[in-house]
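Asker: To start, I am sharing the structure in question, which I have written as structure tokens.
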Amino acid sequence: MTERTGEATAPPAGGGDATHTLGLLYPPSGRGGNYTTMQLAFIGGVAEAATPYGYDVLLSPAGTDTDASFRRMVGERRVDGERHGGGELGADGEWRRARESRAGGEWRGTGESRAGGHRRGEGQPRAGGDRPGEGQPREDGEGRGGGRARVDGVIVMEIRREDDRVEHLAEAGFPFVAIGRNHRADEAGWVDLDFAGLAIGCVRHLADLGHRRIAFVNRSEQLYKIGYGFARLGHEGYVTAMADLGQEPHTYLCGDDLASGEEVVTRILADEPATTSLVTMNEAALEGVYRGLTRHGRSVPRDFSVVGVAASPWAEQVTPQLTAAEIPAKEMSRVAVELMVERLRSPGSTPRHVLLKPLITLRSSTGRCLPVPGSEPEPKFPDFDVDF
Amino acid sequence: MTTFDQNLGHYGWSPDAATATISLEGIVTGWSEGARRLLGYRASEVVGRAAADLLVDREATGFSPVGSQEWSGAAALRHRDGHRVELTLHAQPSLDGDGATQAFVVTATTGTPASQRDRWMVEWAFAQSSIALSTYSAASGSWRLNAGAEVDPLGEARSDEGFLRCVRRVAEEAMPMRYEGFAPAPAAAARQRSWIVELWPVRDPESGEVAGVGTAAFDSSEQYAARQRLALLNEAGTRIGTTLNVGRTAQELADLAVPRLADFASVDLLDSVIRGEEPVPGPVDAAVVLRRIAHQSTTEGGDVPEAAVDLGGIDTYPPFSPPARSLTSGRPVLSGADDPDFARWVAEHESRAAIVREHGFHSVMATPLRARGITLGVAVFVRGKGSPPFQQDDLILAEELAGRAAVGVDNARRYTRERTNALTLQRSLLPRDLPKQAAVEVAYRYLPAGTGAGVGGDWFDVVPLSGTRVALVVGDVVGHGIHASATMGRLRTAVRTLADVDLPPDELLTHLDDLVSHLTSDDDSIVRELPYTGGVGATCLYAVYDPVSRICTLASAGHVPPAVLLPDGSVSIVHLTPGPLLGVGGLPFEPTELELPEGSLLAFYTDGLIAHERDIGVGLERLCAALASPVPSLEITCDAILKDLLPESPSDDVALLLARTRALHADQVAAWALPSDPAIVADARAQASRQLAAWGLQEAAFVTELVVSELVTNAIRYGDVPIGLRLIRDRTLICEVSDASSTAPHLRRARTFDEGGRGLHMVAQLTQGWGTRQTPTGKTIWAEQPLPVG
């Protein structure tokens with residue numbers, strides 16, 4: 001602790017057992033259970049934002065409250081038979097196992113943990129409390145067989161519409177902040193992107209350019225079904241915006257991979273060959289979407305416009321660069337940490353909710369809607385006359 | 001050499017004289033060859049006969065060969081052929097040792113005694129002539145001089161080879177000649193004595209043979225001096241004023257005057273003349289500041305130790321000094337050591353006094369340099385020891401020389417002023433420091449035409465436009481001279497103005513074309529200057545480069561196309577639709593777009609760069625080659641191109657503008673699409689604020705948010721979709737809102753305005769500039785603010 005007192009903002013006084021650690025619950029969503037670039041950006045953002053406040057970050061891939069990792073973090077007794085150590089960052093095997101085990105009704109342990117985890121300051125002067133680092137408290141915690149939280153508060157990510165982690169934390173009264181939101185998260189602070197608004201913005205942008213036949217490429221069916229917030233919200237926004245335009249919505253679920261992207265274009269054009277543009281929430285499939293368009297003889301942005309919601313590295317890597325609403329990972333991380341710190345400092349205050357609505361960054365993938373190719377003589381394009 | 005005797009009595013005893021001896025009995029006993037020539041008888045025919053037989057009238061003479069008196073008298077004698085010969089006879093007794101007369105010697109001379117005296121008069125006149133006369137005898141090689149010749153300098157000339165050659169020629173060729181001789185002058189500047197010697201052959205009247213040479217010498221020093229002055233003046237006409245350079249002209253005067261007129265000469269000009277100002281007409285005040293512009297002396301070597309003032313130094317003359325007096329009076333002044341003012345002037349100036357002592361300066365002339373009623377300065381001529389003092393004639397000569405030099409100096413001054421004016425005008429019309437902008441890195445050269453052609457009408461410009469774009473302009477007004485420059489200035493200003501309105505290149509040229517047509521119809525003088533073009537005759541190339549899109553849009557009005565060097569090293573001439581010349585009117589200008597990779601090098605130039613090649617194609621090829629050779633900097637590239645392509649002294653002026661393109665990357669530009677929804681304003685503000693935070697420009701957030709709110713609100717309220725917001729972080733922070741409506745609330749940029757909404761007023765107050773520009777799809781309103789410091 002001594003090193004940290006020098007910080008501009010000291011960690012909130014929480015008694016001798018303050019861990020000066022924030023938990024980050026973040027199940028990897030990439031293929032093969034890896035973190036995506038986007039997710040890594042969030043993780044980095046949280047760690048970076050927490051440091052000035054004197055917090056370290058403990059990362060857990062827990063997707064459900066039954067994950068051992070989750071329980072360890074909040075200081076609840078381990079689920080029987082669970083391995084200790086290793087694999088925290090690992091694997092969706094663990095996540096799945098944990099989820100499965102949830103059916104086994106591990107709820108019993110929750111209550112205990114609530115008592116043990118929440119009532120900080122109950123005593124137990126921390127051995128080596130002056131020492132920095134994660135190792136010591138963890139050893140301690142293990143030594144006592146659990147029951148003590150390893151973190152002061154938890155930032156929860158990848159929130160589903162029904163999310164047992166949020167339920168668990170809310171019921172337990174464990175301080176948490178959500179990146180993303182659902183109805184339960186309102187009890188705590190959250191920061192989220194206005195996905196519905198972004199989808200509406202995307203549609204409007206295309207409409208401003210004269211497009212009317214606009215398709216929507218969502219995330220994978222699996223994520224959509226789990227109730228991934230932004231997939232649903234985006235869908236809703238799109239449908240609303242299309243209704244405002246008086247147009248029929250065409251929404252497509254699309255796997256987070258290249259082939260799915262290529263395939264979805266085929267579906268779109270099969271359903272409505274006159275489609276001139278699409279809105280995509282699926283950055284992972286973007287490359288595939290471009291390929292599909294090229295395969296179908298549509299040149300972006302001349303005769304097909306694509307607009308999306310994507311982090312800038314994705315949007316800038318493709319050619320032409322994607323006009324897209326930014327996902328401001330860094331800013332969201334920062335806001336989340338701020339909300340967390342507020343919550344820890346004044347636990348009684350009303351939780352704050354921050355809904356970010358980034359604008360659509362203009363790059364090169366959208367253009368004015370042209371008449372369907374062939375129906376009118378093509379307007380002349382400037383002669384570039386560059387015969388270098 | 002013998003001298004003629006004053007008493008010419010011996011003359012009668014020449015061996016050729018007609019003499020005879022007569023005995024006391026009156027018999028001829030001796031007969032000379034002269035007598036034979038006179039009367040025709042040979043001695044054998046006469047000796048022994050009575051002398052009286054030779055007389056026409058035996059009794060008429062009254063001479064009797066008795067007694068011992070001399071007798072003289074006229075007698076008529078009969079020639080052998082019978083004709084009568086009137087003679088004067090002198091009979092002188094020939095005495096023996098006792099004094100008794102033995103015989104008479106009779107000498108006969110023709111003519112009367114009076115004519116004989118006249119002949120002596122000729123001799124005497126020769127002998128006593130004030131003109132130096134002499135005779136040269138070819139036979140003896142000796143000279144006879146008369147009294148005048150005794151003192152003449154020809155004494156030395158007779159040993160002069162040139163003169164002797166002349167004498168020999170006269171003798172041989174029997175032709176009169178004239179010889180001009182000089183006595184060496186004691187000092188360089190002293191008056192030289194000269195003589196004209198008339199030489200003529202002297203013939204024996206009988207045989208016609210040239211017996212000798214007669215000479216007559218005249219002192220021609222005056223004439224000679226006059227001729228020398230004329231020659232000097234004549235030379236002044238050709239040697240002074242060879243250039244239109246003030247200093248050179250002054251130096252020419254000094255060089256000409258030394259050593260022929262003076263031992264030391266200096267030229268001082270009014271400081272105002274050197275500065276190129278117009279001097280006041282009339283004599284000047286003595287207190288005027290003079291600057292030494294030229295001097296020369298007889299001292300060998302480059303430096304002039306006689307000068308009291310260095311070249312370029314300030315010289316002041318007290319009012320009583322000769323130079324000051326000549327300046328105030330406007331007339332030349334002759335002065336010297338005997339003039340107390342001279343002495344006082346010299347004494348006042350320590351170094352001058354020392355110089356005067358050392359070189360023995362004793363005579364000085366000061367003449368004002370006046371031309372067209374304007375006093376330009378003063379020339380001072382000085383003579384030192386060994387040279388005679390200046391005379392009145394020298395003063396006149398000095399005045400004349402100074403007058404000619406003054407006209408030359410005045411011409412040079414006027415020319416210099418005119419040319420300086422023209423060049424200044426042109427330079428003032430060309431950009432000196434190009435405005436700072438970040439879109440392109442530029443280097444440029446402007447070379448006026450070589451001597452003679454005068455200033456030209458080439459120009460170039462770099463105009464920063466809104467949104468970090470930049471306009472690159474190069475143009476050429478046909479013709480030379482101040483008129484071309486002035487027209488160029490008008491066009492350049494017009495281009496700047498039109499560029500400021502942010503017109504696209506083709507439209508801008510259309511407006512410029514209209515303007516030139518109006519200029520032509522308004523200004524008759526231009527038509528007179530260039531009758532064959534029927535107008536101004538100008539070309540222009542206008543290009544706009546946008547570092548965000550990296551697109552360069554060009555339009556040309558009959559101008560030579562630019563060359564472009566791509567980063568991969570390939571060079572080419574840009575294919576442009578050339579377009580008509582400005583002022584032709586009626587034909588459209590077509591824009592050409594180039595997408596340039598970052599770091600492309602554009603070369604804009606005027607035809608002077610390539611036109612001196614016989615084939616323009618060759619010029620273009622050489623330009624491309626010069627552009628392609630790798631050099632470290634644009635400046636060096638400029639120099640290399642000019643060196644490679646231009647001759648020593650180009651006949652046309654040349655403008656060259658090189659621009660290396662930059663590109664603004666994603667970290668400097670952010671653009672967003674905005675729906676036409678008032679609710680978006682807050683999001684736009686927030687987004688702008690986030691962007692500024694990402695750029696580390698939080699300090700600019702307050703103003704930027706206000707600007708964004710105002711502009712976005714206006715666009716939503718009055719504009720058409722699509723609406724875009726763009727932030728550019730470059731040398732300044734630029735906020736742009738564009739929409740699809742081309743109606744702009746205020747077309748003109750105004751920093752203060754009394755009309756318009758409060759919103760824009762606020763924007764104007766908070767930013768360092770704002771404006772609107774038309775785009776192909778609508779309009780853009782922009783506002784620019786300085787980047788926060790640090």
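Labels used: A, B, ... for chains in the order of the structure tokens, numbers from 1 for residues in each chain, and numbers from 1 for ligands as shown.
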Under the rule of at most 6 Å, produce a per-residue listing of chain A near chain B: chain, number, name, the closest pair of atoms, and the distance in Å, as CSV, using only C-alpha atoms.
Answerer:
```
residue,atom,partner,partner_atom,distance
A:Arg204,CA,B:Pro675,CA,5.9
A:Asp208,CA,B:Pro722,CA,4.8
A:Leu359,CA,B:Trp672,CA,6.0
A:Ile360,CA,B:Trp672,CA,5.1
A:Thr361,CA,B:Trp672,CA,4.1
A:Leu362,CA,B:Trp672,CA,4.7
A:Phe384,CA,B:Glu593,CA,5.5
```
Asker: State, in Å with one decimal place, the distance from CA of Leu491 (chain B) to CA of Gly771 (chain B).
Answerer: 23.2 Å
Asker: Please, which residues of region 645-771 of chain B, numbered as in this document, come out strand (DSSP E) from DSSP, as a ChimeraX atom specification?
Answerer: /B:654-661,669-674,723-729,732-739,769-771
Asker: Between CA of Leu223 (chain A) and CA of Glu272 (chain A), what is the spacing in Å?
Answerer: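 These atoms are spaced 25.4 Å apart.
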Asker: Write out as a PyMOL selection string all residues of region 158-362 of chain A that backbone DSSP assigns to alpha helix (DSSP H).
Answerer: chain A and resi 164-172+195-208+221-226+229-245+258-271+286-295+312-317+329-345
Asker: Let me see the file: selected residues, C-alpha atoms, as a tab-separated table (two decimals), in the first residue's frame.
Answerer:
```tsv
chain	number	residue	atom	x	y	z
A	164	ASP	CA	-26.47	-14.78	-14.21
A	165	ARG	CA	-23.25	-13.02	-13.35
A	166	VAL	CA	-25.07	-9.73	-13.14
A	167	GLU	CA	-27.92	-11.37	-11.22
A	168	HIS	CA	-25.45	-12.90	-8.85
A	169	LEU	CA	-23.51	-9.75	-8.23
A	170	ALA	CA	-26.63	-7.63	-7.91
A	171	GLU	CA	-28.16	-10.00	-5.44
A	172	ALA	CA	-24.98	-10.28	-3.53
A	195	PHE	CA	-26.31	0.10	-30.57
A	196	ALA	CA	-29.85	0.78	-31.56
A	197	GLY	CA	-28.94	4.41	-32.16
A	198	LEU	CA	-25.87	3.39	-34.12
A	199	ALA	CA	-27.89	1.06	-36.32
A	200	ILE	CA	-30.37	3.86	-36.86
A	201	GLY	CA	-27.50	6.22	-37.66
A	202	CYS	CA	-26.09	3.79	-40.19
A	203	VAL	CA	-29.43	3.42	-41.92
A	204	ARG	CA	-29.92	7.18	-41.94
A	205	HIS	CA	-26.50	7.77	-43.38
A	206	LEU	CA	-27.30	5.41	-46.23
A	207	ALA	CA	-30.72	6.98	-46.64
A	208	ASP	CA	-29.10	10.44	-46.79
A	221	GLU	CA	-27.24	-16.72	-34.64
A	222	GLN	CA	-25.71	-18.23	-31.55
A	223	LEU	CA	-24.83	-14.87	-30.01
A	224	TYR	CA	-28.16	-13.46	-31.01
A	225	LYS	CA	-29.95	-16.30	-29.37
A	226	ILE	CA	-27.96	-16.10	-26.16
A	229	GLY	CA	-27.26	-7.09	-26.05
A	230	PHE	CA	-25.84	-5.30	-28.93
A	231	ALA	CA	-26.96	-7.84	-31.47
A	232	ARG	CA	-30.53	-7.44	-30.35
A	233	LEU	CA	-30.36	-3.70	-29.90
A	234	GLY	CA	-28.77	-3.24	-33.30
A	235	HIS	CA	-31.43	-5.31	-34.85
A	236	GLU	CA	-34.13	-3.28	-33.17
A	237	GLY	CA	-32.56	-0.01	-34.26
A	238	TYR	CA	-32.30	-1.16	-37.82
A	239	VAL	CA	-35.87	-2.29	-37.96
A	240	THR	CA	-37.06	0.98	-36.46
A	241	ALA	CA	-35.04	3.05	-38.91
A	242	MET	CA	-36.27	1.05	-41.87
A	243	ALA	CA	-39.80	1.48	-40.66
A	244	ASP	CA	-39.22	5.24	-40.51
A	245	LEU	CA	-38.07	5.09	-44.10
A	258	LEU	CA	-15.04	-14.80	-43.55
A	259	ALA	CA	-16.99	-17.54	-45.23
A	260	SER	CA	-20.17	-16.51	-43.48
A	261	GLY	CA	-19.65	-12.97	-44.69
A	262	GLU	CA	-19.29	-14.12	-48.24
A	263	GLU	CA	-22.31	-16.32	-47.92
A	264	VAL	CA	-24.51	-13.66	-46.40
A	265	VAL	CA	-24.00	-11.41	-49.43
A	266	THR	CA	-25.23	-14.18	-51.63
A	267	ARG	CA	-28.31	-14.50	-49.49
A	268	ILE	CA	-28.96	-10.76	-49.50
A	269	LEU	CA	-28.70	-10.44	-53.24
A	270	ALA	CA	-30.76	-13.53	-53.75
A	271	ASP	CA	-33.52	-12.10	-51.59
A	286	LEU	CA	-16.50	-7.83	-43.05
A	287	GLU	CA	-13.71	-9.10	-45.24
A	288	GLY	CA	-16.04	-11.89	-46.38
A	289	VAL	CA	-18.80	-9.41	-47.13
A	290	TYR	CA	-16.41	-7.44	-49.34
A	291	ARG	CA	-15.36	-10.61	-51.12
A	292	GLY	CA	-18.96	-11.59	-51.66
A	293	LEU	CA	-19.76	-8.21	-53.13
A	294	THR	CA	-16.81	-8.38	-55.46
A	295	ARG	CA	-17.84	-11.87	-56.48
A	312	SER	CA	-11.10	1.50	-36.24
A	313	PRO	CA	-8.34	-1.09	-36.81
A	314	TRP	CA	-10.87	-3.35	-38.53
A	315	ALA	CA	-12.40	-0.55	-40.49
A	316	GLU	CA	-9.07	0.76	-41.69
A	317	GLN	CA	-7.61	-2.60	-42.62
A	329	ALA	CA	-12.99	0.67	-26.57
A	330	LYS	CA	-10.60	2.90	-24.76
A	331	GLU	CA	-13.20	5.43	-23.79
A	332	MET	CA	-15.67	2.79	-22.64
A	333	SER	CA	-12.98	1.16	-20.54
A	334	ARG	CA	-12.11	4.48	-19.03
A	335	VAL	CA	-15.69	5.32	-18.21
A	336	ALA	CA	-16.22	1.88	-16.72
A	337	VAL	CA	-13.27	2.29	-14.41
A	338	GLU	CA	-14.47	5.76	-13.44
A	339	LEU	CA	-17.91	4.41	-12.61
A	340	MET	CA	-16.34	1.59	-10.64
A	341	VAL	CA	-14.21	3.96	-8.62
A	342	GLU	CA	-17.20	6.19	-7.94
A	343	ARG	CA	-19.14	3.21	-6.75
A	344	LEU	CA	-16.35	2.08	-4.44
A	345	ARG	CA	-15.85	5.52	-3.01
```
Asker: Which is closer to Met488 (chain B) than all the others in B:Pro340, B:Gly475, B:Gly386, B:Gly569, using only C-alpha atoms?
Answerer: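 Closest to Met488 (chain B), using only C-alpha atoms: B:Gly475.
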